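Structure first, commentary second.
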Amino acid sequence: MTERPGAYVHVPYSAHRCSYCSFVAVTGRETEGEYFDALVREVRARGGEVDGPVDSVYFGGGTPSFAEPANLGRVLAAIGETFGVSPGAEVTAEANPDDLDDGRLSALAGLGVTRLSVGVQSLEDEELEPLERRHDAAAALEAVRRALLLGLRVSADLMIGIPGQTRESLRRSLEAILSSGVGHVSVYLLEIEKAPRLVAMREAAPGLFAGDDEMAARWEEVDDLCTAGGLPRYETSNWAKPGEESRHNLKYWRRDPVVAFGVSAASFDGIVRRVNSGSIPSYLRSVGQSGTAFVSREALPPEAALREGVLLGLRLAAGVQVEAFEAALATLPSSDRRRMEDVFEAGLLEREGGRVRLTRNGALLSNEVFSLLL
Ligand code: SF4
């Protein structure tokens, strides 16, 4: 079955810089109007790049919920006019809880957003403080509740490894978010290496930070609680009620085409991956001159593309077809093929029902498997 392409739009504005942020995001909105003008121009200039209509549109950031909804609407309309948007398309906006008052929620729903990915991170106030999030736990739960009442699908992002977090506090956050009725949960490991405040905190109080074994135990706790709550794991970091999986993100793991707009956005047409400029001034300049802002272009050789398809597919709980796995395996040197058999014997990978998939232990140690496929 040919999958429909998706569209991604990067919105690089945030009200405030969180301590751990590694995304392309700036505070201050001086360039917002000009930036959205450029996005509309870029969309129109790149018509025909994928075979539309798209069946998912994803506004990522930055904080799309911080931008004027009318600006998101302008880009969505341009995508509809240029590529077409399928009826019933999934339209997601990443959102911070403190932006989601009733007016903003209604405006987002009114312009066609169907799904919010809400940065909850934790429902313990003392864990939100070192992350320098602007909202507290009560505000996050309230925002989720109001979005659900409005009929929007909601995904909640949570974090493992926050300073001071314990397995019990993680369980409390997760139980509260599952009780709210969200249909999707994403859980990420907090990466602190590029966050000076958190690195300093770890030097001063290493006991506040979990080691590798504890991080693994917390991920297992998340997996158990979400599964018991009716949200089975469908990807290493994502759990969803059946039918609430992220249609857009599945395209990345399945190597389906995604046409992407805005600063730092990466497009893939099924063969070639192209990345836009990572700086707002140079993005604005390039789009002003030519309508596009590509700074790199890469097409993997066929054998590497086979391996990449398997590596990405193994992130999914459904795994990959045995035939695809064997074809990727055949491109490896014999020493790596033997090591892959060792991985099966160690219980990290399993063959079942014509598919190859990571076991739960394998999902925890996936880098060992993936390093053989790189
Ligand atoms: S809201 Fe997200 S993108 Fe914005 S600063 Fe915080 S982590 Fe970064």
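Identifiers in this document derive from the order of the structure tokens: chains are assigned A, B, ..., residues are numbered from 1 separately in each chain, and ligands are numbered from 1 in order of occurrence.
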(request) Give the helix (DSSP H, G or I) residues of segment 245-334 of chain A, as DSSP finds them on the backbone, and put them as a VMD selection string. (result) chain A and resid 247 to 253 280 to 290 302 to 313 322 to 329 334
Could the residues in this selection be written to a file with C-alpha atoms, as a compact mmCIF listing (two decimals), in the first residue's frame?
```txt
# COMPACT_ATOMS: atom_id res chain seq x y z
CA ARG A 247 0.17 8.96 12.00
CA HIS A 248 2.78 11.62 11.27
CA ASN A 249 5.61 10.17 13.35
CA LEU A 250 4.95 6.69 11.95
CA LYS A 251 6.02 8.13 8.59
CA TYR A 252 9.54 8.75 9.93
CA TRP A 253 9.88 5.21 11.26
CA ILE A 280 16.29 32.19 10.99
CA PRO A 281 18.08 35.10 9.20
CA SER A 282 19.59 32.84 6.55
CA TYR A 283 16.28 30.94 6.14
CA LEU A 284 14.44 34.24 5.59
CA ARG A 285 17.09 35.43 3.13
CA SER A 286 17.11 32.19 1.10
CA VAL A 287 13.35 31.88 0.89
CA GLY A 288 13.14 35.57 -0.06
CA GLN A 289 15.56 34.96 -2.93
CA SER A 290 14.55 31.56 -4.27
CA PRO A 302 20.69 1.43 -1.83
CA GLU A 303 22.34 -0.92 0.69
CA ALA A 304 22.56 1.78 3.36
CA ALA A 305 18.90 2.70 2.66
CA LEU A 306 17.90 -0.94 3.27
CA ARG A 307 19.72 -0.95 6.60
CA GLU A 308 18.23 2.40 7.60
CA GLY A 309 14.74 1.09 6.84
CA VAL A 310 15.32 -1.87 9.17
CA LEU A 311 16.94 0.24 11.88
CA LEU A 312 13.99 2.65 11.92
CA GLY A 313 11.43 -0.15 11.62
CA VAL A 322 11.73 -11.03 7.94
CA GLU A 323 12.47 -10.53 4.22
CA ALA A 324 13.45 -6.88 4.76
CA PHE A 325 15.60 -7.86 7.74
CA GLU A 326 17.36 -10.63 5.80
CA ALA A 327 17.97 -8.30 2.84
CA ALA A 328 19.58 -5.72 5.16
CA LEU A 329 21.57 -8.46 6.89
CA SER A 334 30.06 -11.82 7.73
```
(message) If you run DSSP on the backbone here, which positions in segment 104-282 of chain A get strand (DSSP E or B)? Please write them as an MDAnalysis selection string.
(response) chainID A and resid 115:121 153:160 184:189 233:235 238:240 258:261 266:268 272:276
(request) Please give me, as a count of residues only, the residues lying within 10 Å of ligand 1 when counting only C-alpha atoms and all ligand atoms. (result) 35
(request) Between atom CA of Asp51 of chain A and atom CA of Ala67 of chain A, measure the distance and give it in Å to one decimal. (result) 28.8 Å
Tell me which protein, DNA and RNA residues are within 6 Å of segment 106-113 of chain A, counting only C-alpha atoms, leaving out same-chain ones fewer than 6 positions away, and put them as an mmCIF file with C-alpha atoms, in the first residue's frame.
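For reference, around-v6.cif as written:
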```cif
data_model
loop_
_atom_site.group_PDB
_atom_site.id
_atom_site.type_symbol
_atom_site.label_atom_id
_atom_site.label_comp_id
_atom_site.auth_asym_id
_atom_site.auth_seq_id
_atom_site.Cartn_x
_atom_site.Cartn_y
_atom_site.Cartn_z
ATOM 1 C CA GLY A 73 -3.849 28.822 9.731
ATOM 2 C CA VAL A 91 -3.146 17.902 12.127
ATOM 3 C CA THR A 92 -0.911 18.123 15.209
#
```
(message) My list of candidates is A:Arg315, A:Met340, A:Leu39, A:Gly103. Which is closest to Leu364 of chain A when distances are computed with only C-alpha atoms?
(response)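 The answer is A:Arg315, which sits nearest to Leu364 of chain A.
The space separating atom CA of Ser56 of chain A from atom CA of Ser279 of chain A comes to 25.6 Å.
Among the candidates A:Met215, A:Leu128, A:Leu365, A:Ala45, the one nearest to Gly347 of chain A when counting only C-alpha atoms is A:Leu365.
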(request) May I ask for the distance between atom CA of Gly161 of chain A and atom CA of Ile177 of chain A, given in Å to one decimal place? (result) 17.6 Å
(request) Would you mind telling me which residue in A:Arg104, A:Ser173, A:Leu198, A:Gly28 lies nearest to Glu129 of chain A when using only C-alpha atoms? (result) A:Leu198
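Among the candidate residues A:Ser169, A:Thr331, A:Thr82, A:Ser117, the one lying nearest to Val259 of chain A is A:Thr82, with distances computed using only C-alpha atoms.
Counting only C-alpha atoms, the residue from A:Glu193, A:Asp213, A:Asp224, A:Glu68 that sits nearest to Glu175 of chain A is A:Asp224.
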(message) Calculated over only C-alpha atoms, which of the candidates A:Gln165, A:Ser267, A:Gln321, A:Ser296 has the smallest distance to Leu190 of chain A?
(response) A:Gln165
(request) Pick out the residues sitting within 9 Å of Arg171 of chain A, and hand them over as a list in words; count only C-alpha atoms, and ignore anything fewer than 3 positions along from it in its own chain. (result)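 The neighbour list is Thr166, Arg167, Glu168, Leu174, Glu175, Ala176, Arg218, Glu221, Val222 and Leu225 of chain A.
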(request) Excluding Ala317 of chain A and residues on its chain fewer than 5 positions from it, collect all residues at most 7 Å away from it, counting only C-alpha atoms, and give them as a PyMOL selection string. (result) chain A and resi 233-235+357
